[in-house]
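Visitor: One structure is given below, represented as structure tokens, and several questions about it will come after.
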Amino acid sequence: MSISTLRVTLNNGKTMPLFGLGTWQSKPEEVKTAVRTALDAGYRLIDTAYNYLNEDAIGEVLEETFKVGKLKREELFICTKLANIYTRPSDVAHSMSESLRKLKLSYVDLYLIHAPMVLRVPDDPNNVFPIKDGRLDAEDRVDFEGVWKEMEKLVDQGKTKSIGISNLNAAQLERIRKVARIMPVTNQVECHAYFPQTKLEEYMKKYNMPLMAYSPIGSPGRASAAFVTDKSDVPVLLNDPVIVKLATKYNKTPAQVLLRNSLQRNIIVIPKSVTPSRIQQNGNVFDFKLSPEDMAAIAGIDKGIRMFKTEAMAALYDYPFNSPV
């Protein structure tokens with residue numbers, strides 16, 4: 001197995017790479033270098049979102065990659081997400097059209113509801129987190145059922161191969177499942193050794209839905225992000241003694257140990273980096289395997305620490321993180 005060939009079969013029969021590049025917080029010029037480096041290193045999954053404001057830059061790299069014949073479109077798996085300002089039935093099609101235009105694609109492989117919140121549409125469509133009176137300018141609640149029916153239409157129209165969710169809890173997923181004609185294939189959530197999401201993982205297994213993990217190494221760069229709490233008092237996962245000891249044992253970096261741990265749990269990982277050497281290093285996790293004892297040791301450092309509480313959302317009706325699953 002390699003970074004290019006390791007895939008998971010989704011509940012709709014399609015396959016998806018287990019390892020990809022995350023692009024949250026990646027600025028346009030940085031993300032161009034990151035995506036070029038990742039593709040050259042064998043990455044075939046690129047994860048982005050309308051909210052990241054870097055789809056244009058990624059689209060430029062994809063266009064040049066196809067134009068020079070380095071890769072064919074069908075060899076890549078592109079995931080993007082519905083904008084929070086467009087998470088209402090009437091705006092789903094527009095959000096997708098904008099993402100496809102920016103990415104210079106006729107379809108994406110996976111389209112996700114980014115979060116269980118709907119923000120009012122601002123004058124500037126790049127103002128993805130509009131603020132009013134010091135708070136997110138949000139509507140009362142999300143019409144999950146209506147939004148999902150519009151997501152299904154995107155599959156029917158060939159604009160996405162698969163659809164899924166992100167940052168939703170089990171109860172919210174159940175609301176979608178009750179009306180779904182096309183089932184969600186994954187839930188992209190925070191997942192790492194300090195917050196391994198084992199209960200949600202077990203719940204989703206019933207529906208053959210693999211977890212898709214953002215921040216699989218603990219998001220060391222999260223402190224600069226808007227809406228993130230617990231910046232200073234959360235321990236640094238990469239410095240955990242258990243992880244450091246295992247890195248020494250396997251002659252790997254702590255990040256590589258953490259990524260390998262997730263892969264052996266059959267969890268899709270999308271580590272974010274804009275540093276070429278680190279992108280290459282992160283992908284070098286297919287020449288070793290953690291023993292069952294070492295997997296158990298990592299399971300033992302679960303602290304139940306959610307690093308992305310996103311407390312700016314906490315007053316919203318559909319805030320998802322008060323539920324344990």
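Residue numbering restarts at 1 for every chain of the structure tokens, chains are lettered A, B, ... in their displayed order, and ligands are numbered from 1 as they appear.
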Please identify every residue of region 49-129 of chain A that has at least one atom no farther than 10 Å from an atom of region 179-185 of chain A, counting only C-alpha atoms, and for each give the shortest atom pair and the distance in Å to one decimal, arranged by chain then increasing number, as JSON lines.

Guide:
```
{"residue": "A:Leu110", "atom": "CA", "partner": "A:Val185", "partner_atom": "CA", "distance": 8.8}
{"residue": "A:Tyr111", "atom": "CA", "partner": "A:Pro184", "partner_atom": "CA", "distance": 9.7}
{"residue": "A:Leu112", "atom": "CA", "partner": "A:Pro184", "partner_atom": "CA", "distance": 8.7}
{"residue": "A:Ile113", "atom": "CA", "partner": "A:Pro184", "partner_atom": "CA", "distance": 9.9}
```

Visitor: Could you pull the residues within 10 Å of Ile131 (chain A), counting only C-alpha atoms, minus those fewer than 4 positions along the same chain, as a count of residues only?

Guide: 8

Visitor: DSSP on the backbone: which residues in region 101-275 of chain A end up as helix (DSSP H, G or I)? Give the answer as a ChimeraX atom specification.

Guide: /A:101-103,144-156,170-179,198-205,222-224,237-239,241-250,254-264

Visitor: For a quick check of understanding, using only C-alpha atoms, which of A:Ala247, A:Tyr43, A:Asp56, A:Ile301 has the smallest distance to Glu29 (chain A)?

Guide: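 Using only C-alpha atoms, the shortest distance to Glu29 (chain A) belongs to A:Asp56.
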
Visitor: What parts of region 69-195 of chain A does DSSP call strand (DSSP E or B)? I'd like the answer as a ChimeraX atom specification.

Guide: /A:77-82,108-113,119,131-132,135-136,138,160-166,187-190,192,195

Visitor: One decimal, Å: what's the distance from CA of Val274 (chain A) over to CA of Ala38 (chain A), could you say?

Guide: 9.6 Å

Visitor: Set the distance at 10 Å and use only C-alpha atoms: which residues neighbour Asn284 (chain A) once local chain neighbours fewer than 2 positions away are removed? I'd like the list as a list in words.

Guide: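 Everything that qualifies: Ser2, Ile3, Ala41, Lys252, Gln256, Leu259, Arg260, Arg278, Ile279, Gln280, Gln281, Asn282, Phe286, Asp287 and Phe288 of chain A.
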
Visitor: Write out the residues from the selection above, keeping C-alpha atoms, as an mmCIF file, in the first residue's frame.

Guide:
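result-v6.cif was written with the following content:
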```
data_model
loop_
_atom_site.group_PDB
_atom_site.id
_atom_site.type_symbol
_atom_site.label_atom_id
_atom_site.label_comp_id
_atom_site.auth_asym_id
_atom_site.auth_seq_id
_atom_site.Cartn_x
_atom_site.Cartn_y
_atom_site.Cartn_z
ATOM 1 C CA SER A 2 1.062 3.583 -0.635
ATOM 2 C CA ILE A 3 -0.308 7.066 -0.181
ATOM 3 C CA ALA A 41 4.375 13.237 -3.229
ATOM 4 C CA LYS A 252 9.455 8.348 13.009
ATOM 5 C CA GLN A 256 3.814 10.238 11.629
ATOM 6 C CA LEU A 259 -1.253 9.657 11.439
ATOM 7 C CA ARG A 260 -0.383 5.961 11.328
ATOM 8 C CA ARG A 278 6.438 18.414 6.235
ATOM 9 C CA ILE A 279 3.890 17.514 3.547
ATOM 10 C CA GLN A 280 6.322 14.930 2.202
ATOM 11 C CA GLN A 281 7.156 13.713 5.702
ATOM 12 C CA ASN A 282 3.516 13.377 6.741
ATOM 13 C CA PHE A 286 3.402 3.388 4.863
ATOM 14 C CA ASP A 287 6.704 1.709 5.738
ATOM 15 C CA PHE A 288 5.821 0.818 9.327
#
```

Visitor: Give me the residues within 12 Å of Gln197 (chain A) as a VMD selection string, counting only C-alpha atoms and dropping any in the same chain fewer than 2 places off.

Guide: chain A and resid 167 169 to 170 187 to 195 199 to 204 210 to 214 216 262 265 267 299 302 to 306 321 323 to 325

Visitor: Skipping near chain neighbours, those fewer than 6 positions away, what residues fall within 7 Å of Leu168 (chain A) using only C-alpha atoms, listed as an MDAnalysis selection string?

Guide: chainID A and resid 115:116 320

Visitor: Counting only C-alpha atoms, figure out which residue out of A:Pro89, A:Gly134, A:Gly59, A:Gly164 gets nearest to Asp109 (chain A).

Guide: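 Result for the nearest residue to Asp109 (chain A): A:Gly164.
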
Visitor: When you count only C-alpha atoms, which of these residues is closest to Tyr207 (chain A): A:Asn84, A:Asn322, A:Ser291, A:Thr186?

Guide: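 Among the listed residues, the smallest separation from Tyr207 (chain A) belongs to A:Thr186.
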
Visitor: Which of these residues is nearest to Lys205 (chain A), using only C-alpha atoms: A:Asn266, A:Arg177, A:Glu63, A:Trp148?

Guide: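 Nearest candidate to Lys205 (chain A) out of A:Asn266, A:Arg177, A:Glu63, A:Trp148: A:Asn266.
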
Visitor: Closest to Asn54 (chain A) among A:Glu30, A:Glu174, A:Asp318, A:Glu75, using only C-alpha atoms?

Guide: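 With only C-alpha atoms as the atom set, the closest residue is A:Glu30.
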